[in-house]
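> So that you have it, the file is upload_25.pdb, and it contains PDB, C-alpha atoms:
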```
ATOM      1  CA  MET A   1     -37.620-164.718 356.851
ATOM      2  CA  SER A   2     -40.294-165.874 359.147
ATOM      3  CA  LYS A   3     -41.849-163.763 361.798
ATOM      4  CA  LYS A   4     -40.438-165.980 364.440
ATOM      5  CA  ASP A   5     -36.841-165.254 363.392
ATOM      6  CA  ASN A   6     -37.433-161.572 363.433
ATOM      7  CA  ASP A   7     -38.885-161.446 366.880
ATOM      8  CA  SER A   8     -36.551-163.762 368.669
ATOM      9  CA  ILE A   9     -33.106-163.010 370.000
ATOM     10  CA  PRO A  10     -30.579-165.151 368.084
ATOM     11  CA  PHE A  11     -28.430-166.006 371.072
ATOM     12  CA  ASP A  12     -28.582-165.876 374.793
ATOM     13  CA  GLU A  13     -27.711-162.511 376.221
ATOM     14  CA  ASN A  14     -25.295-162.671 379.062
ATOM     15  CA  ASN A  15     -23.247-160.304 381.127
ATOM     16  CA  TYR A  16     -20.260-160.548 378.789
ATOM     17  CA  THR A  17     -21.916-159.512 375.564
ATOM     18  CA  HIS A  18     -24.681-157.313 376.894
ATOM     19  CA  ASN A  19     -23.309-155.703 379.978
ATOM     20  CA  ILE A  20     -24.983-152.360 379.565
ATOM     21  CA  ASP A  21     -28.474-152.109 380.880
ATOM     22  CA  ARG A  22     -29.823-149.450 378.608
ATOM     23  CA  ASN A  23     -32.842-148.711 380.676
ATOM     24  CA  ARG A  24     -30.955-148.247 383.883
ATOM     25  CA  GLU A  25     -27.900-146.696 382.303
ATOM     26  CA  ARG A  26     -28.958-143.110 382.629
ATOM     27  CA  ARG A  27     -30.785-143.451 385.868
ATOM     28  CA  LEU A  28     -29.537-141.247 388.618
ATOM     29  CA  ASP A  29     -31.089-142.472 391.817
ATOM     30  CA  ARG A  30     -31.377-140.634 395.085
ATOM     31  CA  ARG A  31     -28.263-142.177 396.576
ATOM     32  CA  GLY A  32     -26.201-141.553 393.451
ATOM     33  CA  PHE A  33     -27.328-137.957 393.443
ATOM     34  CA  MET A  34     -26.312-137.538 397.079
ATOM     35  CA  LYS A  35     -22.931-139.069 396.310
ATOM     36  CA  THR A  36     -22.449-136.557 393.480
ATOM     37  CA  MET A  37     -23.316-133.747 395.853
ATOM     38  CA  VAL A  38     -20.740-134.911 398.400
ATOM     39  CA  GLY A  39     -18.166-135.135 395.610
ATOM     40  CA  ALA A  40     -19.027-131.607 394.520
ATOM     41  CA  ALA A  41     -18.633-130.388 398.110
ATOM     42  CA  GLY A  42     -15.182-131.967 398.173
ATOM     43  CA  LEU A  43     -14.289-130.330 394.893
ATOM     44  CA  PHE A  44     -15.365-126.903 396.153
ATOM     45  CA  ALA A  45     -13.394-127.431 399.355
ATOM     46  CA  VAL A  46     -10.234-128.290 397.426
ATOM     47  CA  SER A  47     -10.709-125.454 394.947
ATOM     48  CA  THR A  48     -10.701-122.766 397.653
ATOM     49  CA  LEU A  49      -7.516-124.081 399.269
ATOM     50  CA  PRO A  50      -5.081-122.181 396.974
ATOM     51  CA  TRP A  51      -6.955-118.927 397.594
ATOM     52  CA  GLY A  52      -6.766-119.481 401.337
ATOM     53  CA  GLY A  53      -3.116-120.449 401.037
ATOM     54  CA  ILE A  54      -2.112-117.354 399.079
ATOM     55  CA  ALA A  55      -4.189-115.185 401.418
ATOM     56  CA  ALA A  56      -2.362-116.686 404.397
ATOM     57  CA  LYS A  57       0.958-116.054 402.660
ATOM     58  CA  GLU A  58       0.047-112.401 402.089
ATOM     59  CA  LEU A  59      -1.181-112.036 405.637
ATOM     60  CA  MET A  60       1.977-113.486 407.171
ATOM     61  CA  GLY A  61       4.142-111.289 404.941
ATOM     62  CA  TRP A  62       6.072-114.233 403.529
ATOM     63  CA  GLY A  63       5.881-112.734 400.064
ATOM     64  CA  LYS A  64       7.560-109.501 401.146
ATOM     65  CA  ARG A  65      11.040-108.867 399.896
ATOM     66  CA  SER A  66      13.597-106.922 401.829
ATOM     67  CA  TYR A  67      15.385-104.001 400.248
ATOM     68  CA  PRO A  68      18.557-102.251 401.280
ATOM     69  CA  VAL A  69      18.448 -98.672 402.528
ATOM     70  CA  GLN A  70      20.519 -96.536 400.218
ATOM     71  CA  ARG A  71      21.582 -92.941 400.651
ATOM     72  CA  LEU A  72      20.844 -91.040 397.435
ATOM     73  CA  ALA A  73      21.651 -87.365 397.916
ATOM     74  CA  ASP A  74      21.627 -84.426 400.256
ATOM     75  CA  VAL A  75      18.421 -82.432 400.307
ATOM     76  CA  SER A  76      20.410 -79.206 399.812
ATOM     77  CA  SER A  77      22.099 -80.457 396.636
ATOM     78  CA  LEU A  78      18.834 -80.723 394.675
ATOM     79  CA  HIS A  79      16.652 -77.901 393.399
ATOM     80  CA  VAL A  80      13.059 -78.145 392.260
ATOM     81  CA  GLY A  81      13.010 -79.707 388.803
ATOM     82  CA  ASP A  82      16.295 -81.496 389.307
ATOM     83  CA  SER A  83      16.631 -85.177 388.722
ATOM     84  CA  LEU A  84      19.273 -87.627 389.787
ATOM     85  CA  GLU A  85      20.105 -90.989 388.354
ATOM     86  CA  PHE A  86      21.041 -93.806 390.676
ATOM     87  CA  HIS A  87      20.914 -97.566 390.880
ATOM     88  CA  TYR A  88      18.487 -99.379 393.104
ATOM     89  CA  PRO A  89      18.088-102.047 394.558
ATOM     90  CA  ASN A  90      21.285-103.217 392.875
ATOM     91  CA  GLU A  91      23.796-101.941 390.344
ATOM     92  CA  HIS A  92      21.918-103.489 387.418
ATOM     93  CA  VAL A  93      18.703-101.534 387.874
ATOM     94  CA  SER A  94      18.806 -97.862 387.071
ATOM     95  CA  ALA A  95      16.478 -95.450 388.787
ATOM     96  CA  LEU A  96      15.606 -91.774 388.752
ATOM     97  CA  LEU A  97      14.994 -89.388 391.618
ATOM     98  CA  VAL A  98      13.028 -86.226 390.829
ATOM     99  CA  LYS A  99      12.459 -83.242 393.052
ATOM    100  CA  THR A 100       9.021 -82.027 392.023
ATOM    101  CA  GLY A 101       8.513 -79.460 394.739
ATOM    102  CA  GLU A 102       9.828 -78.253 398.065
ATOM    103  CA  ASN A 103       9.992 -81.395 400.180
ATOM    104  CA  GLU A 104       8.372 -83.386 397.385
ATOM    105  CA  TYR A 105      10.381 -86.197 395.874
ATOM    106  CA  HIS A 106       9.517 -89.081 393.602
ATOM    107  CA  ALA A 107      11.715 -91.937 392.511
ATOM    108  CA  TYR A 108      11.105 -94.647 389.939
ATOM    109  CA  GLN A 109      13.007 -97.447 388.358
ATOM    110  CA  ASN A 110      13.470 -95.681 385.062
ATOM    111  CA  ALA A 111      13.474 -98.498 382.523
ATOM    112  CA  CYS A 112      10.534 -97.657 380.273
ATOM    113  CA  THR A 113       7.806-100.285 380.599
ATOM    114  CA  HIS A 114       7.583-100.435 376.807
ATOM    115  CA  LEU A 115      11.067-101.562 375.687
ATOM    116  CA  LEU A 116      13.281-100.693 378.672
ATOM    117  CA  CYS A 117      14.826 -97.478 377.324
ATOM    118  CA  PRO A 118      15.986 -95.201 380.146
ATOM    119  CA  VAL A 119      13.366 -92.617 380.980
ATOM    120  CA  PHE A 120      14.468 -89.085 381.876
ATOM    121  CA  TYR A 121      12.754 -86.162 383.539
ATOM    122  CA  SER A 122      11.843 -83.175 381.432
ATOM    123  CA  PRO A 123      11.371 -80.103 383.699
ATOM    124  CA  GLU A 124       9.718 -78.125 380.864
ATOM    125  CA  LYS A 125       7.015 -80.712 380.322
ATOM    126  CA  GLU A 126       7.017 -81.784 383.979
ATOM    127  CA  LYS A 127       6.838 -85.346 382.798
ATOM    128  CA  LEU A 128       9.030 -88.387 382.585
ATOM    129  CA  VAL A 129       9.906 -88.925 378.952
ATOM    130  CA  CYS A 130      11.083 -92.008 377.147
ATOM    131  CA  PRO A 131      13.127 -90.806 374.140
ATOM    132  CA  CYS A 132      12.859 -94.025 372.151
ATOM    133  CA  HIS A 133       9.191 -93.944 371.203
ATOM    134  CA  LYS A 134       7.937 -90.780 372.938
ATOM    135  CA  GLY A 135       6.441 -92.452 375.919
ATOM    136  CA  TYR A 136       5.305 -90.151 378.717
ATOM    137  CA  PHE A 137       4.830 -90.877 382.387
ATOM    138  CA  ASP A 138       3.212 -88.810 385.096
ATOM    139  CA  VAL A 139       6.002 -87.767 387.433
ATOM    140  CA  LYS A 140       3.746 -87.822 390.520
ATOM    141  CA  THR A 141       2.414 -91.364 390.059
ATOM    142  CA  GLY A 142       4.586 -93.047 387.460
ATOM    143  CA  ALA A 143       1.506 -93.878 385.401
ATOM    144  CA  PRO A 144       1.877 -93.800 381.616
ATOM    145  CA  THR A 145       0.075 -90.851 380.048
ATOM    146  CA  ALA A 146       0.981 -91.091 376.371
ATOM    147  CA  GLY A 147       2.848 -93.202 373.887
ATOM    148  CA  PRO A 148       3.371 -96.943 373.741
ATOM    149  CA  PRO A 149       3.908 -97.838 377.433
ATOM    150  CA  ARG A 150       0.874 -99.257 379.171
ATOM    151  CA  ARG A 151       2.183-100.062 382.638
ATOM    152  CA  PRO A 152       3.394 -97.635 385.317
ATOM    153  CA  LEU A 153       7.025 -97.341 386.333
ATOM    154  CA  PRO A 154       7.877 -99.176 389.546
ATOM    155  CA  GLU A 155       8.010 -96.590 392.310
ATOM    156  CA  ILE A 156      10.745 -96.477 394.894
ATOM    157  CA  SER A 157       9.773 -95.509 398.404
ATOM    158  CA  LEU A 158      11.821 -92.670 399.867
ATOM    159  CA  GLU A 159      12.623 -91.421 403.295
ATOM    160  CA  ILE A 160      14.121 -88.105 404.254
ATOM    161  CA  SER A 161      16.084 -87.961 407.461
ATOM    162  CA  GLY A 162      18.967 -85.859 408.636
ATOM    163  CA  GLY A 163      19.011 -83.715 405.498
ATOM    164  CA  ALA A 164      19.533 -86.667 403.178
ATOM    165  CA  ILE A 165      17.258 -88.691 400.948
ATOM    166  CA  TYR A 166      17.208 -92.463 401.343
ATOM    167  CA  ALA A 167      15.697 -95.150 399.139
ATOM    168  CA  THR A 168      13.989 -97.748 401.324
ATOM    169  CA  GLY A 169      12.239-100.132 398.938
ATOM    170  CA  VAL A 170      10.423-100.766 395.687
ATOM    171  CA  LEU A 171       6.666-100.491 396.001
ATOM    172  CA  ARG A 172       4.535-103.442 395.086
ATOM    173  CA  TYR A 173       3.219-103.423 391.564
ATOM    174  CA  GLU A 174      -0.448-102.460 391.637
ATOM    175  CA  THR A 175      -3.123-102.876 388.925
TER     176      THR A 175
ATOM    177  CA  MET B   1     -40.209-146.243 410.274
ATOM    178  CA  PRO B   2     -39.443-149.980 410.186
ATOM    179  CA  ARG B   3     -38.152-151.460 406.995
ATOM    180  CA  GLY B   4     -40.529-153.220 404.667
ATOM    181  CA  CYS B   5     -43.543-151.784 406.302
ATOM    182  CA  CYS B   6     -46.695-150.917 404.609
ATOM    183  CA  VAL B   7     -45.850-147.486 403.279
ATOM    184  CA  MET B   8     -42.561-147.012 401.435
ATOM    185  CA  LYS B   9     -42.049-143.334 401.599
ATOM    186  CA  ARG B  10     -38.853-141.914 400.188
ATOM    187  CA  SER B  11     -36.991-139.399 402.298
ATOM    188  CA  TRP B  12     -35.771-136.360 400.405
ATOM    189  CA  ARG B  13     -34.243-134.815 403.468
ATOM    190  CA  GLY B  14     -30.693-135.798 402.508
ATOM    191  CA  VAL B  15     -31.115-134.440 399.014
ATOM    192  CA  ILE B  16     -32.447-131.142 400.318
ATOM    193  CA  LEU B  17     -29.740-130.826 402.960
ATOM    194  CA  LEU B  18     -27.000-131.605 400.450
ATOM    195  CA  SER B  19     -28.476-129.084 398.030
ATOM    196  CA  ILE B  20     -28.207-126.473 400.780
ATOM    197  CA  VAL B  21     -24.601-127.532 401.405
ATOM    198  CA  LEU B  22     -23.786-127.146 397.723
ATOM    199  CA  PHE B  23     -25.456-123.737 397.657
ATOM    200  CA  LEU B  24     -23.323-122.645 400.611
ATOM    201  CA  ASN B  25     -20.271-124.033 398.818
ATOM    202  CA  ILE B  26     -20.953-121.839 395.807
ATOM    203  CA  LEU B  27     -21.555-118.873 398.079
ATOM    204  CA  PHE B  28     -18.351-119.314 400.092
ATOM    205  CA  THR B  29     -16.230-119.930 397.014
ATOM    206  CA  GLN B  30     -17.550-116.758 395.407
ATOM    207  CA  LYS B  31     -17.008-114.787 398.603
ATOM    208  CA  ALA B  32     -13.495-116.150 399.118
ATOM    209  CA  VAL B  33     -12.404-115.212 395.599
ATOM    210  CA  HIS B  34     -13.969-111.757 395.776
ATOM    211  CA  GLN B  35     -12.506-110.960 399.177
ATOM    212  CA  PHE B  36      -9.134-112.119 397.882
ATOM    213  CA  PHE B  37      -9.197-109.492 395.159
ATOM    214  CA  TYR B  38     -10.364-106.872 397.647
ATOM    215  CA  GLU B  39      -7.257-107.893 399.635
ATOM    216  CA  ASN B  40      -9.291-108.822 402.714
ATOM    217  CA  TYR B  41      -7.124-111.824 403.305
ATOM    218  CA  ALA B  42      -8.558-112.683 406.723
ATOM    219  CA  ALA B  43     -12.032-112.900 405.178
ATOM    220  CA  THR B  44     -10.663-115.063 402.362
ATOM    221  CA  ILE B  45      -9.211-117.530 404.861
ATOM    222  CA  THR B  46     -12.488-117.590 406.798
ATOM    223  CA  TYR B  47     -14.523-118.429 403.704
ATOM    224  CA  ALA B  48     -12.001-121.017 402.524
ATOM    225  CA  THR B  49     -12.120-122.694 405.929
ATOM    226  CA  LEU B  50     -15.932-122.701 405.903
ATOM    227  CA  ASN B  51     -15.806-124.257 402.457
ATOM    228  CA  VAL B  52     -13.476-126.988 403.651
ATOM    229  CA  LEU B  53     -15.656-127.628 406.715
ATOM    230  CA  LEU B  54     -18.675-128.141 404.483
ATOM    231  CA  PHE B  55     -17.123-131.269 403.004
ATOM    232  CA  PRO B  56     -17.176-133.391 406.204
ATOM    233  CA  ILE B  57     -20.661-132.031 406.906
ATOM    234  CA  ALA B  58     -21.791-133.209 403.478
ATOM    235  CA  TRP B  59     -20.126-136.551 404.109
ATOM    236  CA  ILE B  60     -21.943-136.976 407.442
ATOM    237  CA  ILE B  61     -25.268-136.042 405.874
ATOM    238  CA  TYR B  62     -24.665-138.629 403.168
ATOM    239  CA  LYS B  63     -23.716-141.338 405.700
ATOM    240  CA  ARG B  64     -26.848-140.682 407.721
ATOM    241  CA  GLU B  65     -29.249-140.357 404.839
ATOM    242  CA  LYS B  66     -28.099-143.027 402.422
ATOM    243  CA  GLU B  67     -29.794-145.872 404.333
ATOM    244  CA  VAL B  68     -33.053-144.010 404.700
ATOM    245  CA  GLU B  69     -35.463-145.121 402.051
TER     246      GLU B  69
END
```
Can you turn what I pasted into structure tokens?

Amino acid sequence: MSKKDNDSIPFDENNYTHNIDRNRERRLDRRGFMKTMVGAAGLFAVSTLPWGGIAAKELMGWGKRSYPVQRLADVSSLHVGDSLEFHYPNEHVSALLVKTGENEYHAYQNACTHLLCPVFYSPEKEKLVCPCHKGYFDVKTGAPTAGPPRRPLPEISLEISGGAIYATGVLRYET
Amino acid sequence: MPRGCCVMKRSWRGVILLSIVLFLNILFTQKAVHQFFYENYAATITYATLNVLLFPIAWIIYKREKEVE
């Protein structure tokens, strides 16, 4: 092979066979860079839209559900340490009302957050107990204190008027 | 400066301005997300709006600066 063959290009390069300019391929010029920046600005703008949208939804209260007001019991019929089972917000969801002190009531949807066993109130332990796997919940907050459950029981908001206790809603799940 | 004149000096103004815009974008996005989790929804909307407004600003900067060599 002669030196001439080695140095020369065997055929004419044209735009169809050699359409990548290797030297310019990776060049990012000033204008291209600015274009990228504008694109990035657009991307950021679009990416914050869902956050703004959900925030607007929360602010307008569109996500709020309405709950029925349900009469649970007379204040005089319950003593401290008593608990009462009821269904709220509908017949398929069982709930528990506990009188923990004079004028102090707490109510939770009492399906254990572990495997949905019904939780009951134990006045001796002053805790909500799940009999299935010995799960314990704080009666004042509904937070799990021992056993397998990791999430708090959904709390039901109460209102006392005219000597009776009313359930007014299920509080939003926090944390 | 007239085109094709003696000194070809590149203008970096657009690049710098767009860099500032991108920095603000990062800032507002961060703020919006954080305020969302702090449940300051009004602040979240403000930052999201600012972020959206930055896009046309970036576009205008690009339009103005792309012809400047």
> Running the ChimeraX specification (/B :<9) & /A on this model by hand, what would come out? Give it as a list in words.
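Given this file, the ChimeraX specification (/B :<9) & /A evaluates to Arg30, Arg31, Phe33, Met34, Lys35, Met37, Val38, Gly39, Ala40, Ala41, Gly42, Leu43, Phe44, Ala45, Val46, Ser47, Thr48, Leu49, Pro50, Trp51, Gly52, Gly53, Ile54, Ala55, Ala56, Glu58 and Leu59 of chain A.
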> Could you list, as an MDAnalysis selection string, every residue matched by the PyMOL selection byres ((chain A and resi 120) around 10) in this structure?
chainID A and resid 83:85 95:98 110:112 117:119 121:123 127:131 136:137
> Suppose you want the space between CA of Ser77 in chain A and CA of Lys99 in chain A; what is it in Å?
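CA of Lys99 in chain A lies 10.7 Å from CA of Ser77 in chain A.
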> The PyMOL selection byres ((chain A and resi 165) around 10) on the file shown: which residues, as number ranges by chain?
A: 70-75, 97, 105, 158-164, 166-168
> Distance CA of Gly142 in chain A-CA of Leu171 in chain A, one decimal place?
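Taking CA of Gly142 in chain A and CA of Leu171 in chain A, their separation equals 11.5 Å.
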> For the atom pair CA of Val139 in chain A and CA of Pro154 in chain A, what is the interatomic distance in Å to one decimal place?
11.8 Å
> Please produce range 18-39 of chain B, completed to N, CA and C atoms, as a PDB file, in the frame of the given file.

```pdb
ATOM      1  N   LEU B  18     -28.210-131.673 401.278  1.00  0.00           N
ATOM      2  CA  LEU B  18     -27.000-131.605 400.450  1.00  0.00           C
ATOM      3  C   LEU B  18     -27.095-130.483 399.421  1.00  0.00           C
ATOM      4  N   SER B  19     -28.301-130.218 398.949  1.00  0.00           N
ATOM      5  CA  SER B  19     -28.476-129.084 398.030  1.00  0.00           C
ATOM      6  C   SER B  19     -28.121-127.776 398.737  1.00  0.00           C
ATOM      7  N   ILE B  20     -28.536-127.675 400.003  1.00  0.00           N
ATOM      8  CA  ILE B  20     -28.207-126.473 400.780  1.00  0.00           C
ATOM      9  C   ILE B  20     -26.691-126.361 400.961  1.00  0.00           C
ATOM     10  N   VAL B  21     -26.064-127.511 401.239  1.00  0.00           N
ATOM     11  CA  VAL B  21     -24.601-127.532 401.405  1.00  0.00           C
ATOM     12  C   VAL B  21     -23.921-127.055 400.123  1.00  0.00           C
ATOM     13  N   LEU B  22     -24.397-127.537 398.996  1.00  0.00           N
ATOM     14  CA  LEU B  22     -23.786-127.146 397.723  1.00  0.00           C
ATOM     15  C   LEU B  22     -23.994-125.662 397.455  1.00  0.00           C
ATOM     16  N   PHE B  23     -25.175-125.167 397.813  1.00  0.00           N
ATOM     17  CA  PHE B  23     -25.456-123.737 397.657  1.00  0.00           C
ATOM     18  C   PHE B  23     -24.477-122.914 398.494  1.00  0.00           C
ATOM     19  N   LEU B  24     -24.283-123.343 399.741  1.00  0.00           N
ATOM     20  CA  LEU B  24     -23.323-122.645 400.611  1.00  0.00           C
ATOM     21  C   LEU B  24     -21.913-122.727 400.045  1.00  0.00           C
ATOM     22  N   ASN B  25     -21.574-123.874 399.452  1.00  0.00           N
ATOM     23  CA  ASN B  25     -20.271-124.033 398.818  1.00  0.00           C
ATOM     24  C   ASN B  25     -20.056-122.980 397.746  1.00  0.00           C
ATOM     25  N   ILE B  26     -21.044-122.825 396.892  1.00  0.00           N
ATOM     26  CA  ILE B  26     -20.953-121.839 395.807  1.00  0.00           C
ATOM     27  C   ILE B  26     -20.782-120.447 396.398  1.00  0.00           C
ATOM     28  N   LEU B  27     -21.578-120.178 397.427  1.00  0.00           N
ATOM     29  CA  LEU B  27     -21.555-118.873 398.079  1.00  0.00           C
ATOM     30  C   LEU B  27     -20.176-118.574 398.666  1.00  0.00           C
ATOM     31  N   PHE B  28     -19.641-119.526 399.412  1.00  0.00           N
ATOM     32  CA  PHE B  28     -18.351-119.314 400.092  1.00  0.00           C
ATOM     33  C   PHE B  28     -17.208-119.200 399.089  1.00  0.00           C
ATOM     34  N   THR B  29     -17.283-120.005 398.030  1.00  0.00           N
ATOM     35  CA  THR B  29     -16.230-119.930 397.014  1.00  0.00           C
ATOM     36  C   THR B  29     -16.209-118.540 396.386  1.00  0.00           C
ATOM     37  N   GLN B  30     -17.407-118.082 396.004  1.00  0.00           N
ATOM     38  CA  GLN B  30     -17.550-116.758 395.407  1.00  0.00           C
ATOM     39  C   GLN B  30     -16.998-115.687 396.327  1.00  0.00           C
ATOM     40  N   LYS B  31     -17.420-115.773 397.596  1.00  0.00           N
ATOM     41  CA  LYS B  31     -17.008-114.787 398.603  1.00  0.00           C
ATOM     42  C   LYS B  31     -15.486-114.808 398.789  1.00  0.00           C
ATOM     43  N   ALA B  32     -14.938-116.015 398.892  1.00  0.00           N
ATOM     44  CA  ALA B  32     -13.495-116.150 399.118  1.00  0.00           C
ATOM     45  C   ALA B  32     -12.714-115.488 397.987  1.00  0.00           C
ATOM     46  N   VAL B  33     -13.121-115.762 396.750  1.00  0.00           N
ATOM     47  CA  VAL B  33     -12.404-115.212 395.599  1.00  0.00           C
ATOM     48  C   VAL B  33     -12.546-113.690 395.575  1.00  0.00           C
ATOM     49  N   HIS B  34     -13.759-113.206 395.817  1.00  0.00           N
ATOM     50  CA  HIS B  34     -13.969-111.757 395.776  1.00  0.00           C
ATOM     51  C   HIS B  34     -13.173-111.056 396.867  1.00  0.00           C
ATOM     52  N   GLN B  35     -13.233-111.591 398.078  1.00  0.00           N
ATOM     53  CA  GLN B  35     -12.506-110.960 399.177  1.00  0.00           C
ATOM     54  C   GLN B  35     -11.006-111.007 398.939  1.00  0.00           C
ATOM     55  N   PHE B  36     -10.559-112.046 398.222  1.00  0.00           N
ATOM     56  CA  PHE B  36      -9.134-112.119 397.882  1.00  0.00           C
ATOM     57  C   PHE B  36      -8.735-110.929 397.025  1.00  0.00           C
ATOM     58  N   PHE B  37      -9.549-110.607 396.041  1.00  0.00           N
ATOM     59  CA  PHE B  37      -9.197-109.492 395.159  1.00  0.00           C
ATOM     60  C   PHE B  37      -9.389-108.147 395.830  1.00  0.00           C
ATOM     61  N   TYR B  38     -10.256-108.101 396.857  1.00  0.00           N
ATOM     62  CA  TYR B  38     -10.364-106.872 397.647  1.00  0.00           C
ATOM     63  C   TYR B  38      -9.263-106.802 398.702  1.00  0.00           C
ATOM     64  N   GLU B  39      -8.388-107.812 398.714  1.00  0.00           N
ATOM     65  CA  GLU B  39      -7.257-107.893 399.635  1.00  0.00           C
ATOM     66  C   GLU B  39      -7.692-107.983 401.088  1.00  0.00           C
TER      67      GLU B  39
END
```
